[in-house]
$ cat model.txt   # compact mmCIF, C-alpha atoms and all ligand atoms
# COMPACT_ATOMS: atom_id res chain seq x y z
CA MET J 1 48.29 -54.50 -8.00
CA LYS J 2 49.34 -52.30 -5.15
CA ALA J 3 52.88 -51.17 -4.48
CA PRO J 4 55.09 -53.91 -3.10
CA ILE J 5 55.00 -54.78 0.54
CA THR J 6 58.16 -54.43 2.53
CA GLN J 7 58.80 -56.39 5.62
CA ASP J 8 61.83 -56.15 7.80
CA VAL J 9 62.71 -57.61 11.11
CA VAL J 10 63.53 -54.85 13.50
CA THR J 11 65.99 -55.71 16.17
CA ILE J 12 65.27 -53.32 18.95
CA PRO J 13 67.44 -54.51 21.84
CA ARG J 14 65.24 -56.26 24.30
CA ARG J 15 65.55 -54.96 27.83
CA GLU J 16 64.89 -57.93 29.99
CA ALA J 17 63.74 -57.25 33.50
CA GLU J 18 67.14 -57.79 35.02
CA GLY J 19 66.94 -58.91 38.59
CA GLY J 20 63.27 -58.00 38.92
CA LYS J 21 63.62 -54.34 38.02
CA ARG J 22 60.35 -52.47 37.92
CA ASN J 23 59.25 -51.01 34.60
CA ILE J 24 58.57 -47.29 34.82
CA VAL J 25 56.49 -47.38 31.64
CA GLY J 26 52.86 -47.94 32.52
CA LEU J 27 52.99 -46.62 36.09
CA THR J 28 50.54 -43.82 36.75
CA ARG J 29 51.90 -40.72 38.48
CA GLU J 30 50.58 -42.03 41.81
CA ALA J 31 52.14 -45.45 41.32
CA LEU J 32 55.44 -43.91 40.26
CA ARG J 33 55.42 -41.71 43.35
CA ASP J 34 54.91 -44.73 45.60
CA ALA J 35 57.63 -46.64 43.77
CA LEU J 36 60.13 -43.80 44.15
CA ILE J 37 59.36 -43.47 47.85
CA ALA J 38 59.81 -47.22 48.26
CA VAL J 39 63.41 -46.94 47.04
CA GLY J 40 64.23 -44.15 49.46
CA THR J 41 63.10 -40.91 47.80
CA PRO J 42 62.07 -38.53 50.60
CA GLU J 43 58.31 -37.95 50.51
CA LYS J 44 58.80 -34.20 50.27
CA GLN J 45 60.77 -34.58 47.04
CA ALA J 46 58.67 -37.34 45.53
CA LYS J 47 56.27 -35.16 43.54
CA MET J 48 59.08 -33.20 41.95
CA ARG J 49 61.03 -36.35 41.11
CA VAL J 50 57.96 -37.90 39.50
CA GLY J 51 57.61 -34.81 37.34
CA GLN J 52 61.25 -34.94 36.27
CA VAL J 53 61.30 -38.65 35.46
CA TRP J 54 57.93 -38.36 33.75
CA GLN J 55 59.19 -35.67 31.39
CA TRP J 56 62.27 -37.63 30.45
CA VAL J 57 60.32 -40.79 29.74
CA TYR J 58 57.18 -39.45 28.11
CA HIS J 59 58.12 -36.06 26.72
CA TRP J 60 61.68 -36.65 25.54
CA GLY J 61 61.41 -40.41 25.01
CA VAL J 62 64.65 -41.08 26.89
CA ARG J 63 65.34 -44.74 27.76
CA ASP J 64 68.52 -44.39 29.74
CA PHE J 65 68.62 -43.02 33.27
CA ALA J 66 72.15 -41.73 32.65
CA ALA J 67 70.70 -39.21 30.17
CA MET J 68 68.43 -37.61 32.79
CA THR J 69 70.80 -34.77 33.33
CA ASN J 70 68.74 -32.65 35.72
CA LEU J 71 68.86 -35.45 38.30
CA SER J 72 71.84 -35.97 40.56
CA LYS J 73 74.23 -38.76 39.64
CA ALA J 74 73.40 -40.51 42.89
CA PHE J 75 69.65 -40.46 42.17
CA ARG J 76 70.23 -41.66 38.61
CA ALA J 77 72.18 -44.59 40.04
CA VAL J 78 69.31 -45.43 42.40
CA LEU J 79 66.89 -45.36 39.49
CA ALA J 80 69.09 -47.60 37.36
CA GLU J 81 69.45 -50.05 40.19
CA HIS J 82 65.72 -50.48 40.78
CA PHE J 83 63.97 -49.58 37.55
CA GLU J 84 63.96 -50.07 33.83
CA ILE J 85 62.27 -48.25 30.95
CA ALA J 86 61.08 -51.13 28.78
CA LEU J 87 58.88 -51.41 25.72
CA PRO J 88 57.44 -54.50 24.06
CA GLU J 89 59.67 -55.96 21.40
CA VAL J 90 58.91 -55.23 17.75
CA VAL J 91 59.18 -58.54 15.92
CA THR J 92 58.26 -57.39 12.43
CA ARG J 93 57.26 -54.16 10.82
CA GLN J 94 55.36 -54.29 7.57
CA VAL J 95 54.71 -51.25 5.40
CA SER J 96 51.70 -51.31 3.09
CA GLY J 97 51.63 -49.80 -0.37
CA ASP J 98 49.44 -47.03 1.10
CA GLY J 99 51.95 -46.19 3.85
CA THR J 100 50.11 -48.01 6.64
CA ARG J 101 52.57 -49.64 9.03
CA LYS J 102 51.77 -52.79 10.93
CA TYR J 103 53.90 -53.82 13.86
CA LEU J 104 53.85 -57.32 15.24
CA ILE J 105 54.96 -56.95 18.82
CA ARG J 106 55.95 -59.55 21.34
CA ILE J 107 55.02 -59.16 24.95
CA ALA J 108 56.01 -61.06 28.08
CA GLY J 109 55.19 -64.73 27.87
CA GLY J 110 55.98 -64.77 24.15
CA HIS J 111 52.49 -63.58 23.16
CA GLU J 112 52.00 -61.39 20.15
CA VAL J 113 49.69 -58.53 19.27
CA GLU J 114 49.46 -56.11 16.38
CA THR J 115 49.54 -52.33 16.28
CA VAL J 116 48.74 -50.37 13.14
CA TYR J 117 49.79 -46.85 12.18
CA ILE J 118 47.67 -45.16 9.52
CA PRO J 119 49.16 -41.97 8.05
CA GLU J 120 46.69 -39.34 6.87
CA GLU J 121 46.94 -35.83 5.49
CA GLY J 122 48.47 -33.69 8.24
CA ARG J 123 47.84 -36.31 10.93
CA GLY J 124 48.10 -39.99 11.68
CA THR J 125 46.19 -42.54 13.71
CA LEU J 126 47.59 -45.37 15.75
CA CYS J 127 45.30 -48.35 16.21
CA ILE J 128 46.30 -50.15 19.37
CA SER J 129 45.42 -53.52 20.84
CA SER J 130 44.17 -54.07 24.37
CA GLN J 131 44.14 -57.86 24.62
CA VAL J 132 45.86 -60.83 23.04
CA GLY J 133 42.95 -62.21 21.03
CA CYS J 134 39.41 -61.57 22.26
CA THR J 135 36.95 -63.49 24.41
CA LEU J 136 34.09 -62.32 22.22
CA THR J 137 33.31 -64.09 19.01
CA CYS J 138 31.86 -61.61 16.56
CA SER J 139 31.24 -63.75 13.51
CA PHE J 140 32.77 -61.32 10.97
CA CYS J 141 35.97 -60.56 12.93
CA HIS J 142 39.26 -62.33 12.43
CA THR J 143 40.47 -61.48 15.93
CA GLY J 144 37.35 -63.15 17.29
CA THR J 145 38.53 -66.50 15.92
CA GLN J 146 41.60 -66.32 18.15
CA LYS J 147 40.97 -67.27 21.72
CA LEU J 148 42.02 -64.81 24.40
CA VAL J 149 45.41 -65.42 25.84
CA ARG J 150 45.63 -62.48 28.19
CA ASN J 151 44.96 -58.82 28.90
CA LEU J 152 47.67 -56.35 28.03
CA THR J 153 49.25 -54.46 30.91
CA ALA J 154 49.20 -50.66 31.02
CA ALA J 155 52.91 -50.78 30.12
CA GLU J 156 52.15 -52.80 27.00
CA ILE J 157 49.36 -50.42 26.03
CA VAL J 158 51.47 -47.25 26.45
CA GLY J 159 54.43 -49.15 24.98
CA GLN J 160 52.62 -49.46 21.64
CA VAL J 161 52.36 -45.68 21.43
CA MET J 162 56.00 -45.24 22.39
CA LEU J 163 57.37 -47.75 19.92
CA ALA J 164 55.36 -46.19 17.12
CA ARG J 165 56.82 -42.79 18.04
CA ASP J 166 60.26 -44.40 18.01
CA ASP J 167 59.67 -45.75 14.53
CA LEU J 168 58.27 -42.44 13.29
CA GLY J 169 61.17 -40.54 14.86
CA GLU J 170 58.73 -38.34 16.68
CA TRP J 171 60.40 -37.70 20.03
CA PRO J 172 61.78 -34.18 20.35
CA GLU J 173 65.55 -33.92 20.38
CA PRO J 174 66.58 -32.88 23.90
CA GLY J 175 67.73 -29.28 23.89
CA THR J 176 66.13 -28.39 20.56
CA GLY J 177 62.80 -26.98 21.67
CA THR J 178 59.74 -28.78 22.82
CA GLY J 179 58.82 -30.58 19.63
CA GLU J 180 55.27 -29.27 19.92
CA SER J 181 55.29 -27.17 16.78
CA GLY J 182 53.83 -28.47 13.55
CA PRO J 183 51.44 -31.33 12.92
CA ARG J 184 52.05 -34.57 14.68
CA LEU J 185 52.65 -37.76 12.76
CA LEU J 186 50.92 -39.69 15.52
CA SER J 187 48.07 -37.35 16.40
CA ASN J 188 45.24 -39.73 17.24
CA ILE J 189 44.73 -43.06 18.92
CA VAL J 190 41.96 -45.55 18.34
CA LEU J 191 41.47 -48.52 20.64
CA MET J 192 40.31 -50.62 17.72
CA GLY J 193 42.99 -53.26 17.47
CA MET J 194 42.79 -56.69 18.99
CA GLY J 195 40.60 -57.19 22.01
CA GLU J 196 37.66 -55.64 23.81
CA PRO J 197 39.07 -52.64 25.71
CA LEU J 198 36.24 -52.55 28.22
CA TYR J 199 37.11 -56.09 29.33
CA ASN J 200 40.52 -54.74 30.33
CA PHE J 201 39.26 -51.52 31.83
CA GLU J 202 41.89 -50.61 34.46
CA ASN J 203 44.90 -51.17 32.24
CA VAL J 204 43.31 -49.31 29.34
CA ARG J 205 42.37 -46.44 31.64
CA ASP J 206 45.82 -46.18 33.19
CA GLY J 207 47.48 -46.43 29.79
CA MET J 208 45.30 -43.69 28.34
CA LYS J 209 45.81 -41.43 31.37
CA ILE J 210 49.54 -41.67 30.78
CA VAL J 211 49.15 -40.91 27.09
CA MET J 212 46.87 -37.93 27.81
CA ASP J 213 49.10 -36.41 30.52
CA GLY J 214 50.00 -32.88 29.41
CA GLU J 215 53.62 -33.14 30.50
CA GLY J 216 54.30 -36.22 28.44
CA ILE J 217 52.90 -37.58 25.20
CA ALA J 218 50.03 -35.12 25.70
CA LEU J 219 47.39 -36.41 23.32
CA GLY J 220 44.12 -34.78 24.35
CA ARG J 221 41.14 -36.90 25.32
CA ARG J 222 39.33 -35.91 22.13
CA ARG J 223 42.13 -37.48 20.12
CA ILE J 224 41.46 -40.89 21.61
CA THR J 225 38.56 -43.08 20.54
CA LEU J 226 37.73 -46.25 22.39
CA SER J 227 35.70 -48.80 20.48
CA THR J 228 33.53 -51.28 22.33
CA SER J 229 31.31 -54.07 21.13
CA GLY J 230 28.84 -52.93 23.80
CA VAL J 231 29.99 -53.77 27.34
CA VAL J 232 27.15 -51.76 28.82
CA PRO J 233 28.17 -51.71 32.52
CA GLU J 234 31.52 -50.10 31.69
CA ILE J 235 30.24 -47.34 29.40
CA ALA J 236 29.45 -44.77 32.10
CA ARG J 237 32.80 -45.52 33.75
CA THR J 238 34.57 -44.84 30.48
CA ALA J 239 33.18 -41.33 30.44
CA GLU J 240 34.01 -40.70 34.07
CA GLU J 241 37.43 -42.25 34.34
CA ILE J 242 38.87 -41.84 30.84
CA GLY J 243 36.74 -39.18 29.18
CA CYS J 244 37.76 -40.15 25.66
CA LEU J 245 35.50 -40.39 22.64
CA LEU J 246 33.43 -43.51 22.23
CA ALA J 247 32.77 -45.73 19.26
CA VAL J 248 30.38 -48.64 19.30
CA SER J 249 30.44 -51.69 17.08
CA PHE J 250 26.78 -51.57 16.22
CA HIS J 251 26.59 -53.49 12.94
CA ALA J 252 22.90 -54.48 12.98
CA THR J 253 19.47 -52.97 13.43
CA THR J 254 17.57 -55.91 14.89
CA ASP J 255 18.44 -58.05 17.89
CA ALA J 256 18.05 -61.19 15.79
CA VAL J 257 20.86 -60.12 13.45
CA ARG J 258 23.01 -58.46 16.11
CA ASP J 259 22.82 -61.61 18.25
CA VAL J 260 24.65 -63.42 15.46
CA LEU J 261 27.10 -60.71 14.39
CA VAL J 262 27.98 -59.35 17.84
CA PRO J 263 27.06 -62.11 20.30
CA ILE J 264 27.50 -59.87 23.35
CA ASN J 265 24.10 -58.55 22.21
CA ARG J 266 22.52 -61.59 23.82
CA ARG J 267 23.70 -60.21 27.17
CA TRP J 268 23.03 -56.51 26.51
CA ASN J 269 20.64 -56.01 23.65
CA ILE J 270 20.18 -53.03 21.34
CA GLU J 271 17.69 -51.28 23.62
CA THR J 272 19.93 -51.61 26.69
CA LEU J 273 22.97 -50.48 24.73
CA LEU J 274 21.22 -47.42 23.31
CA ALA J 275 19.97 -46.44 26.77
CA ALA J 276 23.58 -46.50 28.08
CA LEU J 277 24.79 -44.48 25.09
CA LYS J 278 22.09 -41.85 25.61
CA GLU J 279 23.50 -41.37 29.10
CA TYR J 280 27.11 -41.12 27.96
CA PRO J 281 27.74 -37.78 29.66
CA LYS J 282 30.31 -36.60 27.19
CA ALA J 283 28.00 -37.10 24.27
CA THR J 284 27.33 -33.67 22.94
CA ASN J 285 27.04 -32.53 19.38
CA SER J 286 30.72 -31.74 19.23
CA GLU J 287 31.62 -35.11 20.74
CA ARG J 288 29.36 -37.47 18.94
CA ILE J 289 29.37 -41.21 19.47
CA THR J 290 30.65 -43.09 16.45
CA PHE J 291 28.49 -46.01 15.37
CA GLU J 292 30.61 -48.49 13.48
CA TYR J 293 28.68 -50.46 10.93
CA VAL J 294 30.34 -53.17 8.89
CA MET J 295 28.73 -53.65 5.50
CA LEU J 296 27.98 -57.33 4.91
CA ASP J 297 26.42 -58.33 1.64
CA GLY J 298 22.78 -59.37 2.10
CA VAL J 299 23.07 -59.51 5.90
CA ASN J 300 22.68 -55.97 7.29
CA ASP J 301 22.91 -53.67 4.29
CA SER J 302 19.33 -53.17 3.03
CA ASP J 303 17.45 -49.88 2.73
CA ASP J 304 15.21 -51.13 5.53
CA ASP J 305 18.29 -51.52 7.73
CA ALA J 306 19.34 -47.97 6.96
CA HIS J 307 15.88 -46.62 7.87
CA ARG J 308 15.78 -48.68 11.06
CA LEU J 309 19.23 -47.39 11.99
CA VAL J 310 18.05 -43.81 11.58
CA ALA J 311 15.12 -44.51 13.90
CA LEU J 312 17.37 -46.15 16.51
CA LEU J 313 19.82 -43.24 16.54
CA ASP J 314 17.10 -40.75 17.36
CA GLY J 315 18.14 -38.69 20.36
CA ILE J 316 21.82 -39.66 20.32
CA PRO J 317 24.46 -37.29 18.95
CA ALA J 318 25.91 -39.73 16.48
CA LYS J 319 27.87 -40.26 13.33
CA VAL J 320 28.00 -43.54 11.47
CA ASN J 321 31.19 -45.04 10.18
CA LEU J 322 30.41 -47.46 7.39
CA ILE J 323 33.14 -50.09 7.18
CA PRO J 324 33.27 -52.15 4.00
CA PHE J 325 33.80 -55.70 5.26
CA ASN J 326 37.44 -56.72 5.12
CA GLU J 327 37.80 -60.28 4.08
CA TRP J 328 40.03 -62.80 5.76
CA PRO J 329 40.71 -66.46 4.96
CA GLY J 330 37.65 -68.53 5.75
CA ALA J 331 35.38 -65.55 6.50
CA PRO J 332 31.69 -66.46 6.17
CA TYR J 333 30.65 -63.09 4.66
CA ARG J 334 31.16 -60.95 1.58
CA ARG J 335 31.59 -57.20 1.35
CA SER J 336 28.53 -55.26 0.18
CA SER J 337 28.85 -53.71 -3.28
CA ASN J 338 29.99 -50.10 -3.55
CA ASN J 339 26.57 -49.13 -4.90
CA ARG J 340 24.84 -50.73 -1.94
CA ILE J 341 27.15 -48.99 0.53
CA ARG J 342 26.56 -45.64 -1.18
CA ALA J 343 22.79 -46.13 -1.17
CA PHE J 344 22.90 -46.97 2.53
CA ALA J 345 25.05 -43.91 3.24
CA THR J 346 22.66 -41.68 1.31
CA ILE J 347 19.70 -42.67 3.49
CA LEU J 348 21.71 -41.84 6.61
CA MET J 349 22.93 -38.56 5.20
CA GLN J 350 19.42 -37.53 4.18
CA ALA J 351 18.41 -38.08 7.80
CA GLY J 352 21.19 -35.70 8.85
CA TYR J 353 23.88 -38.15 9.96
CA ALA J 354 27.45 -37.87 8.83
CA SER J 355 28.21 -41.30 7.46
CA PRO J 356 31.67 -41.55 5.96
CA ILE J 357 32.59 -44.78 4.24
CA ARG J 358 35.85 -45.93 5.73
CA THR J 359 38.48 -46.58 3.11
CA PRO J 360 40.20 -49.84 3.92
CA ARG J 361 43.83 -49.17 4.78
CA GLY J 362 46.69 -51.60 4.78
CA GLU J 363 44.63 -54.44 3.31
CA ASP J 364 47.65 -55.86 1.51
CA ILE J 365 49.34 -56.50 4.84
CA MET J 366 46.17 -57.70 6.60
CA ALA J 367 46.18 -54.54 8.71
CA ALA J 368 42.62 -53.42 7.96
CA CYS J 369 39.81 -53.48 10.53
CA GLY J 370 39.06 -56.94 11.77
CA GLN J 371 41.97 -58.58 10.00
CA LEU J 372 44.37 -58.55 12.94
CA LYS J 373 45.41 -61.81 14.41
CA SER J 374 48.73 -62.92 15.79
CA ALA J 375 51.00 -64.43 13.17
CA THR J 376 51.65 -67.45 15.36
CA GLU J 377 47.93 -68.08 15.53
CA ARG J 378 47.66 -67.69 11.79
CA ALA J 379 50.48 -70.11 11.24
CA ARG J 380 48.92 -72.57 13.64
CA LYS J 381 45.62 -72.33 11.86
CA SER J 382 47.10 -72.75 8.43
CA ARG J 383 49.02 -75.81 9.57
CA ALA J 384 45.75 -77.21 10.88
CA GLU J 385 44.11 -76.42 7.56
CA ILE J 386 46.91 -78.09 5.65
CA ALA J 387 46.55 -81.16 7.83
CA ALA J 388 42.80 -81.20 7.22
CA GLU J 389 43.27 -80.87 3.48
CA ALA J 390 45.76 -83.70 3.49
CA GLY J 391 43.23 -85.82 5.33
CA LEU J 392 45.52 -86.19 8.33
N1 LIG E 401 36.61 -55.04 20.28
C1 LIG E 401 36.33 -53.70 19.98
C2 LIG E 401 37.43 -52.98 19.27
C3 LIG E 401 38.17 -53.70 18.15
S1 LIG E 401 37.37 -54.02 16.60
C4 LIG E 401 35.07 -53.63 19.18
O1 LIG E 401 34.59 -54.63 18.71
O2 LIG E 401 34.54 -52.52 19.06
C5 LIG E 401 37.44 -52.51 15.64
C6 LIG E 401 36.29 -52.43 14.62
O3 LIG E 401 36.51 -53.25 13.46
C7 LIG E 401 34.99 -52.89 15.23
O4 LIG E 401 33.95 -52.02 14.89
C8 LIG E 401 34.81 -54.23 14.57
O5 LIG E 401 33.48 -54.60 14.61
C9 LIG E 401 35.33 -53.96 13.18
N2 LIG E 401 35.62 -55.18 12.43
C10 LIG E 401 35.91 -56.40 12.91
N3 LIG E 401 36.12 -57.27 11.90
C11 LIG E 401 35.94 -56.60 10.75
C12 LIG E 401 36.06 -56.94 9.38
N4 LIG E 401 36.41 -58.17 9.01
N5 LIG E 401 35.84 -55.99 8.46
C13 LIG E 401 35.54 -54.73 8.85
N6 LIG E 401 35.44 -54.34 10.12
C14 LIG E 401 35.63 -55.26 11.08
FE1 LIG E 402 36.39 -58.90 19.79
FE2 LIG E 402 35.81 -56.50 18.69
FE3 LIG E 402 36.48 -58.60 17.12
FE4 LIG E 402 34.13 -58.58 18.40
S1 LIG E 402 34.80 -57.16 16.78
S2 LIG E 402 35.56 -60.33 18.28
S3 LIG E 402 34.66 -57.56 20.31
S4 LIG E 402 37.80 -57.59 18.62
$ encode --input "model.txt" --output "structure tokens"
Amino acid sequence: MKAPITQDVVTIPRREAEGGKRNIVGLTREALRDALIAVGTPEKQAKMRVGQVWQWVYHWGVRDFAAMTNLSKAFRAVLAEHFEIALPEVVTRQVSGDGTRKYLIRIAGGHEVETVYIPEEGRGTLCISSQVGCTLTCSFCHTGTQKLVRNLTAAEIVGQVMLARDDLGEWPEPGTGTGESGPRLLSNIVLMGMGEPLYNFENVRDGMKIVMDGEGIALGRRRITLSTSGVVPEIARTAEEIGCLLAVSFHATTDAVRDVLVPINRRWNIETLLAALKEYPKATNSERITFEYVMLDGVNDSDDDAHRLVALLDGIPAKVNLIPFNEWPGAPYRRSSNNRIRAFATILMQAGYASPIRTPRGEDIMAACGQLKSATERARKSRAEIAAEAGL
């Protein structure tokens, strides 16, 4: 039995868009510049004003224009009249026995997504969502059973990072240095939550550009990993326009099996996917592509699979992340045994590939890979199940 789960409802005051105020969060520098000019900022000053506002919002984490003390009172009043600095609302925060934190956040329209913070030795990774649900239907993924409701905006994507920093108390205190010394609690981001990030390309790109900006949150591009199920036409664009690290949900070594596990394979098969990955311009030995491989008992975990995987990876700087399958209610698969996973890893390692076995984190709060799904959806499903059981 793991340590007890705590769950508390956080009441972060919701900042409604009063009178159609524009949210500053999620605007790129260019968009913010245009927005400031539109409310009367002289063009000559616009670049400097963007820099000042940017620092307050993304470096210091300030939410109140009144606190932006290097701006004139008159300009602060203009900002407050036309803009807001708004984050999604945190509905619940659960803390796992292993320290993993899962936030259920509510976004405009009443939709919900999940964000997970995973603390590690001297660092910490935030797993963020890019869509409500997912249009794809990978057969082993809980999120895939929830139909897509909508894409997240850039504000909602950056907002997840900001609210996690709020909760971790990681904004520097104005006037007490830059806050850049020492290890960061939130040092890495993985786009591995709900949704297929490459089906929401522009918002993900803008959100990550904001997060990477050196005068704000300043997480370098090598600290961000985008995971895709294999949206081939967007892979080259990811390198060009985001430049982050890439992970691919590979999960099978034959098209017949991958067609079932990751149905997007029917559109872009293994050969097409590998060709796109070989071209990924950032792929060098120091920036390897991560191949995610979920270990499903008797489905994709044989020695033959491991040997085939080695052959397929030939010519691609790669590491393999073996993910023991995380179960969810009604899942049609079982996790491979530890011995099987180790045997599989050994074959990869003997072929020279790093192949760490991912330790499931936050399982007790359904925060592990592939377990995310909006609570409302879960509740809906369980009501449906209850009705079915009762023969209604
Ligand atoms: N849609 C993107 C990113 C989110 S999924 C993608 O598919 O890549 C993040 C990772 O968790 C993916 O590799 C996904 O295949 C994996 N995953 C999904 N369900 C899982 C489960 N039940 N157990 C373990 N890993 C799972
Ligand atoms: Fe969507 Fe990724 Fe889950 Fe597939 S694994 S259903 S692409 S979230």
$ atom_distance --input "model.txt" --atom1 "atom CA of Cys127 of chain J" --atom2 "atom C1 of ligand LIG 401 (chain E)"
11.1 Å
$ closest_residue --input "model.txt" --among "J:Ala343, J:Leu191, J:Leu185, J:Ile289" --to "ligand LIG 402 (chain E)" --atoms "all atoms listed in the file"
J:Leu191
$ closest_atom_pairs --input "model.txt" --of "chain J" --to "ligand LIG 402 (chain E)" --cutoff "6 Å" --atoms "all atoms listed in the file" --output "Markdown table"
| residue | atom | partner | partner_atom | distance |
| --- | --- | --- | --- | --- |
| J:Cys134 | CA | E:LIG402 | FE1 | 4.7 |
| J:Leu136 | CA | E:LIG402 | S2 | 4.7 |
| J:Thr137 | CA | E:LIG402 | S2 | 4.4 |
| J:Cys138 | CA | E:LIG402 | FE4 | 4.2 |
| J:Cys141 | CA | E:LIG402 | FE3 | 4.7 |
| J:Thr143 | CA | E:LIG402 | FE3 | 5.1 |
| J:Gly144 | CA | E:LIG402 | S2 | 3.5 |
| J:Met194 | CA | E:LIG402 | S4 | 5.1 |
| J:Gly195 | CA | E:LIG402 | S4 | 4.4 |
| J:Glu196 | CA | E:LIG402 | S3 | 5.0 |
| J:Ser229 | CA | E:LIG402 | S3 | 4.9 |
$ write_last_selection --input "model.txt" --atoms "C-alpha atoms" --output "PDB file, keeping the file's coordinate frame"
ATOM      1  CA  CYS J 134      39.410 -61.570  22.260  1.00  0.00           C
ATOM      2  CA  LEU J 136      34.090 -62.320  22.220  1.00  0.00           C
ATOM      3  CA  THR J 137      33.310 -64.090  19.010  1.00  0.00           C
ATOM      4  CA  CYS J 138      31.860 -61.610  16.560  1.00  0.00           C
ATOM      5  CA  CYS J 141      35.970 -60.560  12.930  1.00  0.00           C
ATOM      6  CA  THR J 143      40.470 -61.480  15.930  1.00  0.00           C
ATOM      7  CA  GLY J 144      37.350 -63.150  17.290  1.00  0.00           C
ATOM      8  CA  MET J 194      42.790 -56.690  18.990  1.00  0.00           C
ATOM      9  CA  GLY J 195      40.600 -57.190  22.010  1.00  0.00           C
ATOM     10  CA  GLU J 196      37.660 -55.640  23.810  1.00  0.00           C
ATOM     11  CA  SER J 229      31.310 -54.070  21.130  1.00  0.00           C
TER      12      SER J 229
END
$ residues_near_ligand --input "model.txt" --ligand "ligand LIG 401 (chain E)" --cutoff "8 Å" --atoms "all atoms listed in the file" --output "PyMOL selection string"
chain J and resi 129+134+136+138+140-143+191-197+226-230+247-251+262+292-295+323-328+331+368-371
$ atom_distance --input "model.txt" --atom1 "atom CA of Asp213 of chain J" --atom2 "atom CA of Ala154 of chain J"
14.3 Å
$ residues_around --input "model.txt" --residues "segment 270-274 of chain J" --least-positions-apart "5" --cutoff "7 Å" --atoms "all atoms listed in the file" --output "VMD selection string"
chain J and resid 230 232 255 265
$ atom_distance --input "model.txt" --atom1 "atom CA of Ala252 of chain J" --atom2 "atom CA of Val132 of chain J"
25.9 Å
$ closest_residue --input "model.txt" --among "J:Lys44, J:Arg258, J:Lys102, J:Lys319" --to "Met349 of chain J" --atoms "only C-alpha atoms"
J:Lys319
$ closest_residue --input "model.txt" --among "J:Ala108, J:Ile347, J:Leu296, J:Leu277" --to "Ala311 of chain J" --atoms "all atoms listed in the file"
J:Ile347
$ residues_around --input "model.txt" --residues "Asn23 of chain J" --least-positions-apart "5" --cutoff "6 Å" --atoms "all atoms listed in the file" --output "ChimeraX atom specification"
/J:83-85
$ residues_around --input "model.txt" --residues "His307 of chain J" --least-positions-apart "4" --cutoff "12 Å" --atoms "only C-alpha atoms" --output "PyMOL selection string"
chain J and resi 252-254+300-303+311-314+343-351+353
$ closest_residue --input "model.txt" --among "J:Ala306, J:Ala318, J:Ala164, J:Leu71" --to "Leu246 of chain J" --atoms "all atoms listed in the file"
J:Ala318
$ residues_around --input "model.txt" --residues "Val204 of chain J" --least-positions-apart "2" --cutoff "9 Å" --atoms "all atoms listed in the file" --output "list in words"
Ser130, Leu152, Thr153, Ala154, Ile157, Val158, Leu191, Pro197, Leu198, Asn200, Phe201, Glu202, Asp206, Gly207, Met208, Lys209 and Ile242 of chain J
$ closest_residue --input "model.txt" --among "J:Thr238, J:Ile189, J:Leu32, J:Ser139" --to "Pro332 of chain J" --atoms "all atoms listed in the file"
J:Ser139
$ closest_residue --input "model.txt" --among "J:Gln52, J:Val113, J:Glu89, J:Trp60" --to "Ser72 of chain J" --atoms "all atoms listed in the file"
J:Gln52
$ residues_around --input "model.txt" --residues "segment 118-123 of chain J" --least-positions-apart "2" --cutoff "10 Å" --atoms "all atoms listed in the file" --output "tab-separated table (two decimals) with C-alpha atoms, in the frame of the given file"
chain	number	residue	atom	x	y	z
J	96	SER	CA	51.70	-51.31	3.09
J	98	ASP	CA	49.44	-47.03	1.10
J	99	GLY	CA	51.95	-46.19	3.85
J	100	THR	CA	50.11	-48.01	6.64
J	101	ARG	CA	52.57	-49.64	9.03
J	102	LYS	CA	51.77	-52.79	10.93
J	116	VAL	CA	48.74	-50.37	13.14
J	125	THR	CA	46.19	-42.54	13.71
J	126	LEU	CA	47.59	-45.37	15.75
J	127	CYS	CA	45.30	-48.35	16.21
J	182	GLY	CA	53.83	-28.47	13.55
J	183	PRO	CA	51.44	-31.33	12.92
J	184	ARG	CA	52.05	-34.57	14.68
J	185	LEU	CA	52.65	-37.76	12.76
J	186	LEU	CA	50.92	-39.69	15.52
J	187	SER	CA	48.07	-37.35	16.40
J	188	ASN	CA	45.24	-39.73	17.24
J	361	ARG	CA	43.83	-49.17	4.78
J	362	GLY	CA	46.69	-51.60	4.78
J	367	ALA	CA	46.18	-54.54	8.71
J	368	ALA	CA	42.62	-53.42	7.96
$ residues_near_point --input "model.txt" --point "(36.7, -40.6, 30.5)" --cutoff "10 Å" --atoms "all atoms listed in the file" --output "PyMOL selection string"
chain J and resi 205+208-209+221-222+226+235-246+280-282
$ residues_near_point --input "model.txt" --point "(60.2, -49.0, 16.6)" --cutoff "10 Å" --atoms "all atoms listed in the file" --output "list of chain:residue names"
J:Val10, J:Thr11, J:Ile12, J:Leu87, J:Pro88, J:Glu89, J:Val90, J:Val91, J:Thr92, J:Arg93, J:Tyr103, J:Ile105, J:Gln160, J:Val161, J:Met162, J:Leu163, J:Ala164, J:Arg165, J:Asp166, J:Asp167, J:Leu168, J:Gly169
$ axis_aligned_box --input "model.txt" --around "segment 294-313 of chain J" --padding-each-side "8 Å" --output "lines of an AutoDock Vina configuration file"
center_x = 22.7
center_y = -51.4
center_z = 9.1
size_x = 31.2
size_y = 32.3
size_z = 30.9
